[in-house]
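For reference, the structure discussed in these notes is given below.
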Amino acid sequence: MSCQMEAQGMTKPDRVTAAVLVIGDEILSGRTKDKNLGYIAEYLTHIGIDVCEARVVPDIEDEIITALNALRNRYTYVFTTGGIGPTHDDITADAVARAFGVGISVNEEAVAMLLERIPRQELNDARLRMARIPHGANLIANPVSKAPGFRMENVIVMAGVPAIMQAMLDEVAPTLETAVPLTSQTVEVREKEGDVAAPLRAIQEAMPSVQIGSYPFFEDGVYGTRIVARGRDPEAVRRAAEMIGAMAAELAAAAKSADKSA
(Lines give C-alpha, C1' and ligand atoms only; values in the text may rest on other atoms or scores of the structure.)
Protein backbone atom coordinates (compact mmCIF):
# COMPACT_ATOMS: atom_id res chain seq x y z
CA MET A 1 0.00 0.00 0.00
CA SER A 2 1.61 3.25 -1.14
CA CYS A 3 2.32 6.09 1.28
CA GLN A 4 2.25 8.74 -1.44
CA MET A 5 0.04 11.78 -0.87
CA GLU A 6 -3.59 11.25 -1.87
CA ALA A 7 -5.44 13.67 -4.12
CA GLN A 8 -7.08 16.47 -2.20
CA GLY A 9 -10.60 17.81 -2.48
CA MET A 10 -12.47 14.64 -1.56
CA THR A 11 -14.98 14.87 1.25
CA LYS A 12 -13.46 11.76 2.88
CA PRO A 13 -10.28 10.59 1.17
CA ASP A 14 -9.35 6.92 0.98
CA ARG A 15 -6.12 7.72 2.77
CA VAL A 16 -4.41 10.63 4.52
CA THR A 17 -0.69 10.31 5.20
CA ALA A 18 1.83 11.92 7.52
CA ALA A 19 5.48 11.99 8.46
CA VAL A 20 7.03 12.91 11.80
CA LEU A 21 10.23 14.95 11.94
CA VAL A 22 11.93 14.87 15.34
CA ILE A 23 14.45 17.71 15.72
CA GLY A 24 17.23 17.85 18.27
CA ASP A 25 20.85 16.94 18.98
CA GLU A 26 19.76 15.65 22.39
CA ILE A 27 17.67 12.91 20.76
CA LEU A 28 20.50 11.77 18.48
CA SER A 29 23.03 11.76 21.32
CA GLY A 30 20.76 9.69 23.55
CA ARG A 31 20.68 12.30 26.31
CA THR A 32 16.93 12.63 25.83
CA LYS A 33 14.71 9.67 25.04
CA ASP A 34 12.06 10.58 22.49
CA LYS A 35 8.53 10.13 23.84
CA ASN A 36 6.70 11.94 21.06
CA LEU A 37 6.89 9.71 17.99
CA GLY A 38 4.91 6.81 19.45
CA TYR A 39 2.29 9.14 20.89
CA ILE A 40 1.83 11.01 17.59
CA ALA A 41 1.66 7.80 15.56
CA GLU A 42 -0.98 6.26 17.82
CA TYR A 43 -2.99 9.49 17.99
CA LEU A 44 -3.02 10.01 14.23
CA THR A 45 -3.82 6.37 13.48
CA HIS A 46 -6.81 6.63 15.80
CA ILE A 47 -8.26 9.62 13.92
CA GLY A 48 -7.57 8.24 10.42
CA ILE A 49 -4.12 9.53 9.43
CA ASP A 50 -1.42 7.00 8.54
CA VAL A 51 2.12 7.79 9.72
CA CYS A 52 4.32 6.50 6.91
CA GLU A 53 7.75 7.85 7.80
CA ALA A 54 9.73 9.29 10.70
CA ARG A 55 13.10 11.03 10.71
CA VAL A 56 15.37 12.43 13.40
CA VAL A 57 17.63 15.34 12.45
CA PRO A 58 20.14 17.45 14.39
CA ASP A 59 19.90 21.13 15.24
CA ILE A 60 21.39 22.08 11.88
CA GLU A 61 19.27 24.37 9.75
CA ASP A 62 20.21 22.89 6.39
CA GLU A 63 19.48 19.37 7.63
CA ILE A 64 16.05 20.44 8.88
CA ILE A 65 15.25 22.19 5.59
CA THR A 66 16.31 19.20 3.48
CA ALA A 67 14.16 16.84 5.53
CA LEU A 68 11.17 19.21 5.55
CA ASN A 69 11.20 19.73 1.80
CA ALA A 70 11.43 16.00 1.14
CA LEU A 71 8.63 15.09 3.53
CA ARG A 72 6.16 17.92 2.87
CA ASN A 73 6.14 17.14 -0.84
CA ARG A 74 5.50 13.45 -0.27
CA TYR A 75 2.88 13.31 2.49
CA THR A 76 -0.37 15.04 3.34
CA TYR A 77 1.07 16.38 6.62
CA VAL A 78 4.42 16.73 8.35
CA PHE A 79 4.50 17.01 12.15
CA THR A 80 7.69 18.38 13.68
CA THR A 81 8.71 18.32 17.34
CA GLY A 82 11.44 20.32 19.01
CA GLY A 83 13.44 23.45 18.37
CA ILE A 84 10.93 26.24 19.10
CA GLY A 85 12.18 27.32 22.53
CA PRO A 86 14.10 30.47 23.63
CA THR A 87 17.72 29.36 23.17
CA HIS A 88 20.21 29.85 20.34
CA ASP A 89 19.83 26.25 19.10
CA ASP A 90 16.05 26.54 18.72
CA ILE A 91 16.09 27.07 14.97
CA THR A 92 13.05 25.20 13.70
CA ALA A 93 11.04 28.35 12.93
CA ASP A 94 13.91 29.81 10.90
CA ALA A 95 14.32 26.51 9.02
CA VAL A 96 10.62 26.39 8.18
CA ALA A 97 10.70 29.99 6.91
CA ARG A 98 13.66 29.18 4.67
CA ALA A 99 12.06 25.94 3.43
CA PHE A 100 8.98 27.88 2.31
CA GLY A 101 10.91 30.92 1.08
CA VAL A 102 9.16 33.40 3.39
CA GLY A 103 10.28 35.93 5.97
CA ILE A 104 10.15 35.54 9.73
CA SER A 105 9.58 38.10 12.46
CA VAL A 106 8.04 38.60 15.88
CA ASN A 107 4.32 37.91 15.66
CA GLU A 108 2.20 40.22 17.82
CA GLU A 109 -0.50 37.59 18.35
CA ALA A 110 2.19 35.22 19.61
CA VAL A 111 3.52 37.96 21.89
CA ALA A 112 0.04 38.42 23.35
CA MET A 113 -0.08 34.69 24.07
CA LEU A 114 3.27 34.85 25.88
CA LEU A 115 2.08 37.82 27.95
CA GLU A 116 -0.73 35.68 29.33
CA ARG A 117 1.96 33.87 31.32
CA ILE A 118 5.06 36.08 31.32
CA PRO A 119 5.08 39.60 32.85
CA ARG A 120 5.97 42.16 30.20
CA GLN A 121 9.15 43.21 32.07
CA GLU A 122 10.37 39.60 31.83
CA LEU A 123 9.72 39.29 28.11
CA ASN A 124 13.39 39.55 27.15
CA ASP A 125 14.96 38.91 23.74
CA ALA A 126 15.38 35.20 24.48
CA ARG A 127 11.69 34.73 25.30
CA LEU A 128 10.71 36.82 22.28
CA ARG A 129 12.38 34.18 20.12
CA MET A 130 9.38 32.01 20.91
CA ALA A 131 7.16 34.60 19.20
CA ARG A 132 9.14 34.62 15.94
CA ILE A 133 6.81 33.04 13.39
CA PRO A 134 7.25 32.54 9.62
CA HIS A 135 5.13 34.92 7.61
CA GLY A 136 1.83 33.37 6.55
CA ALA A 137 1.78 30.70 9.26
CA ASN A 138 -1.18 30.11 11.56
CA LEU A 139 -0.57 29.84 15.29
CA ILE A 140 -1.27 26.71 17.32
CA ALA A 141 -2.38 27.55 20.85
CA ASN A 142 -0.40 26.17 23.78
CA PRO A 143 -2.61 25.93 26.88
CA VAL A 144 0.27 24.55 28.95
CA SER A 145 2.98 27.22 28.72
CA LYS A 146 1.42 29.67 26.21
CA ALA A 147 4.38 29.76 23.75
CA PRO A 148 2.61 28.79 20.52
CA GLY A 149 3.42 26.32 17.81
CA PHE A 150 2.40 27.07 14.25
CA ARG A 151 1.20 25.57 11.00
CA MET A 152 2.71 26.48 7.65
CA GLU A 153 0.60 24.92 4.89
CA ASN A 154 0.89 21.16 5.55
CA VAL A 155 3.70 21.44 8.12
CA ILE A 156 2.62 21.41 11.79
CA VAL A 157 5.36 22.67 14.13
CA MET A 158 5.08 21.63 17.77
CA ALA A 159 7.17 21.72 20.94
CA GLY A 160 9.46 18.89 21.99
CA VAL A 161 8.26 18.76 25.61
CA PRO A 162 5.75 15.87 25.56
CA ALA A 163 3.00 17.51 27.64
CA ILE A 164 3.12 20.65 25.49
CA MET A 165 3.31 18.70 22.24
CA GLN A 166 0.26 16.67 23.26
CA ALA A 167 -1.72 19.82 24.05
CA MET A 168 -0.77 21.33 20.68
CA LEU A 169 -1.79 18.14 18.88
CA ASP A 170 -5.19 18.34 20.56
CA GLU A 171 -5.51 21.92 19.35
CA VAL A 172 -4.64 21.20 15.72
CA ALA A 173 -6.36 17.81 15.30
CA PRO A 174 -9.87 19.19 14.60
CA THR A 175 -8.49 21.12 11.60
CA LEU A 176 -6.93 18.08 9.91
CA GLU A 177 -8.34 16.13 7.02
CA THR A 178 -8.81 12.50 7.99
CA ALA A 179 -9.75 9.19 6.39
CA VAL A 180 -11.65 6.25 7.84
CA PRO A 181 -9.52 5.01 10.78
CA LEU A 182 -7.77 1.67 10.59
CA THR A 183 -9.32 -1.29 12.39
CA SER A 184 -7.01 -3.96 13.79
CA GLN A 185 -7.23 -7.39 15.37
CA THR A 186 -4.39 -9.36 16.94
CA VAL A 187 -4.12 -13.14 16.98
CA GLU A 188 -1.45 -14.75 19.18
CA VAL A 189 -0.03 -17.95 17.72
CA ARG A 190 2.13 -20.30 19.76
CA GLU A 191 4.28 -21.06 16.74
CA LYS A 192 7.62 -19.68 15.56
CA GLU A 193 7.48 -17.00 12.90
CA GLY A 194 9.25 -19.21 10.38
CA ASP A 195 6.52 -21.85 10.76
CA VAL A 196 3.66 -19.43 10.10
CA ALA A 197 5.31 -17.57 7.21
CA ALA A 198 4.05 -19.78 4.35
CA PRO A 199 0.40 -20.11 5.44
CA LEU A 200 0.37 -16.42 6.40
CA ARG A 201 1.49 -15.47 2.91
CA ALA A 202 -1.47 -17.41 1.50
CA ILE A 203 -3.86 -15.51 3.78
CA GLN A 204 -2.33 -12.19 2.74
CA GLU A 205 -2.76 -13.08 -0.93
CA ALA A 206 -6.39 -14.01 -0.27
CA MET A 207 -7.06 -10.76 1.63
CA PRO A 208 -5.18 -8.03 -0.28
CA SER A 209 -7.18 -5.17 1.31
CA VAL A 210 -5.89 -6.12 4.78
CA GLN A 211 -2.36 -5.41 5.99
CA ILE A 212 -1.00 -8.42 7.87
CA GLY A 213 2.12 -8.17 10.03
CA SER A 214 3.85 -10.78 12.17
CA TYR A 215 5.82 -10.03 15.35
CA PRO A 216 7.76 -12.83 17.05
CA PHE A 217 8.11 -13.07 20.83
CA PHE A 218 9.69 -15.29 23.46
CA GLU A 219 7.89 -15.42 26.80
CA ASP A 220 8.07 -17.91 29.68
CA GLY A 221 10.22 -20.21 27.63
CA VAL A 222 7.76 -20.31 24.72
CA TYR A 223 8.29 -19.00 21.20
CA GLY A 224 5.30 -17.45 19.51
CA THR A 225 4.10 -14.93 16.97
CA ARG A 226 1.59 -12.11 17.32
CA ILE A 227 -0.13 -11.57 14.03
CA VAL A 228 -1.90 -8.26 13.45
CA ALA A 229 -4.50 -7.70 10.74
CA ARG A 230 -5.19 -4.03 9.87
CA GLY A 231 -7.53 -2.40 7.43
CA ARG A 232 -10.26 0.16 6.88
CA ASP A 233 -12.95 -2.45 6.23
CA PRO A 234 -13.86 -3.97 9.62
CA GLU A 235 -15.52 -6.97 8.01
CA ALA A 236 -12.44 -7.77 5.92
CA VAL A 237 -10.25 -7.45 9.03
CA ARG A 238 -12.58 -9.79 10.92
CA ARG A 239 -12.43 -12.38 8.12
CA ALA A 240 -8.64 -12.18 7.99
CA ALA A 241 -8.42 -12.65 11.76
CA GLU A 242 -10.69 -15.70 11.49
CA MET A 243 -8.44 -17.16 8.80
CA ILE A 244 -5.38 -16.55 10.96
CA GLY A 245 -7.09 -18.22 13.90
CA ALA A 246 -7.97 -21.24 11.75
CA MET A 247 -4.38 -21.41 10.55
CA ALA A 248 -3.17 -21.37 14.16
CA ALA A 249 -5.54 -24.20 15.07
CA GLU A 250 -4.31 -26.29 12.11
CA LEU A 251 -0.67 -25.77 13.04
CA ALA A 252 -1.37 -26.66 16.69
CA ALA A 253 -3.21 -29.82 15.64
CA ALA A 254 -0.41 -30.84 13.30
CA ALA A 255 2.19 -30.28 16.03
CA LYS A 256 0.13 -32.35 18.51
CA SER A 257 -0.23 -35.16 15.97
CA ALA A 258 3.51 -35.11 15.33
CA ASP A 259 4.21 -35.35 19.08
CA LYS A 260 1.96 -38.39 19.38
CA SER A 261 3.65 -40.07 16.44
CA ALA A 262 7.12 -39.50 17.83
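Letters A, B, ... go to the chains of the C-alpha coordinates in the order shown; residues in each chain start at 1; ligands are counted from 1 in the same order.
Shell of Ile49 of chain A at 7 Å, with only C-alpha atoms counted and residues fewer than 5 places along the chain excluded, is Val16, Thr17, Ala18, Leu44, Thr178 and Ala179 of chain A.
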Residue set, segment 1-122 of chain A restricted to alpha helix (DSSP H), as a ChimeraX atom specification:
/A:25-29,36-47,61-72,92-100,108-115
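You can rank A:Pro199, A:Gly82, A:Pro162, A:Pro208 by their closest distance to Gly149 of chain A using only C-alpha atoms, and at the top of that list sits A:Gly82.
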Shortest interatomic distance to Asp233 of chain A - which of A:Gln185, A:Met165, A:Ile133, A:Glu205, counting only C-alpha atoms
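Among the listed residues, the smallest separation from Asp233 of chain A belongs to A:Gln185.
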Could you list, as an MDAnalysis selection string, every residue within 8 Å of Arg151 of chain A, counting only C-alpha atoms and ignoring same-chain residues fewer than 3 positions away?
chainID A and resid 137:140 154:157
Could you tell me how far atom CA of Arg129 of chain A lies from atom CA of Ser145 of chain A, in Å and to one decimal?
14.5 Å
Need the shell around Tyr223 of chain A: protein/DNA/RNA residues with any atom at most 12 Å away, counting only C-alpha atoms. Skip same-chain ones fewer than 6 positions apart. Format as a VMD selection string?
chain A and resid 188 to 195 215 to 217
Thr80 of chain A: which residues within 12 Å, counting only C-alpha atoms, same-chain residues fewer than 3 positions away excluded, as a PyMOL selection string?
chain A and resi 18-24+36-37+40+54-57+64-65+67-68+71-72+77+83-84+92-93+95-96+149-152+154-161+165+168-169
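A straight line drawn from atom CA of Tyr39 of chain A to atom CA of Ala167 of chain A is 11.8 Å long.
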Within 9 Å of Val106 of chain A, counting only C-alpha atoms, which residues show up once you throw out same-chain ones fewer than 2 positions away? Write them as a count of residues only, please.
12
Proximity to Pro148 of chain A - best of A:Gly245, A:Gly85, A:Pro58, A:Gly48, only C-alpha atoms
A:Gly85
So which residues of segment 191-251 of chain A fall under strand (DSSP E or B) by DSSP, listed as a list in words?
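Of segment 191-251 of chain A, only Gln211, Ile212, Gly213, Ser214, Tyr215, Pro216, Phe217, Phe218, Glu219, Val222, Tyr223, Gly224, Thr225, Arg226, Ile227, Val228, Ala229, Arg230 and Gly231 of chain A fall in strand (DSSP E or B).
Across A:Leu115, A:Ile212, A:Ala249, A:Ala99, the tightest approach to Thr186 of chain A is made by A:Ile212 when counting only C-alpha atoms.
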Mind giving me the straight-line distance from atom CA of Met243 of chain A to atom CA of Thr183 of chain A in Å, one decimal?
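The value is 16.3 Å.
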Would you mind telling me which residue in A:Arg230, A:His135, A:Arg15, A:His88 lies nearest to Ser209 of chain A when using only C-alpha atoms?
A:Arg230
Nearest to Thr45 of chain A by atom-to-atom distance, counting only C-alpha atoms, from A:Asn73, A:Thr225, A:Ser257, A:Ser184:
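Comparing A:Asn73, A:Thr225, A:Ser257, A:Ser184 against Thr45 of chain A, the winner is A:Ser184.
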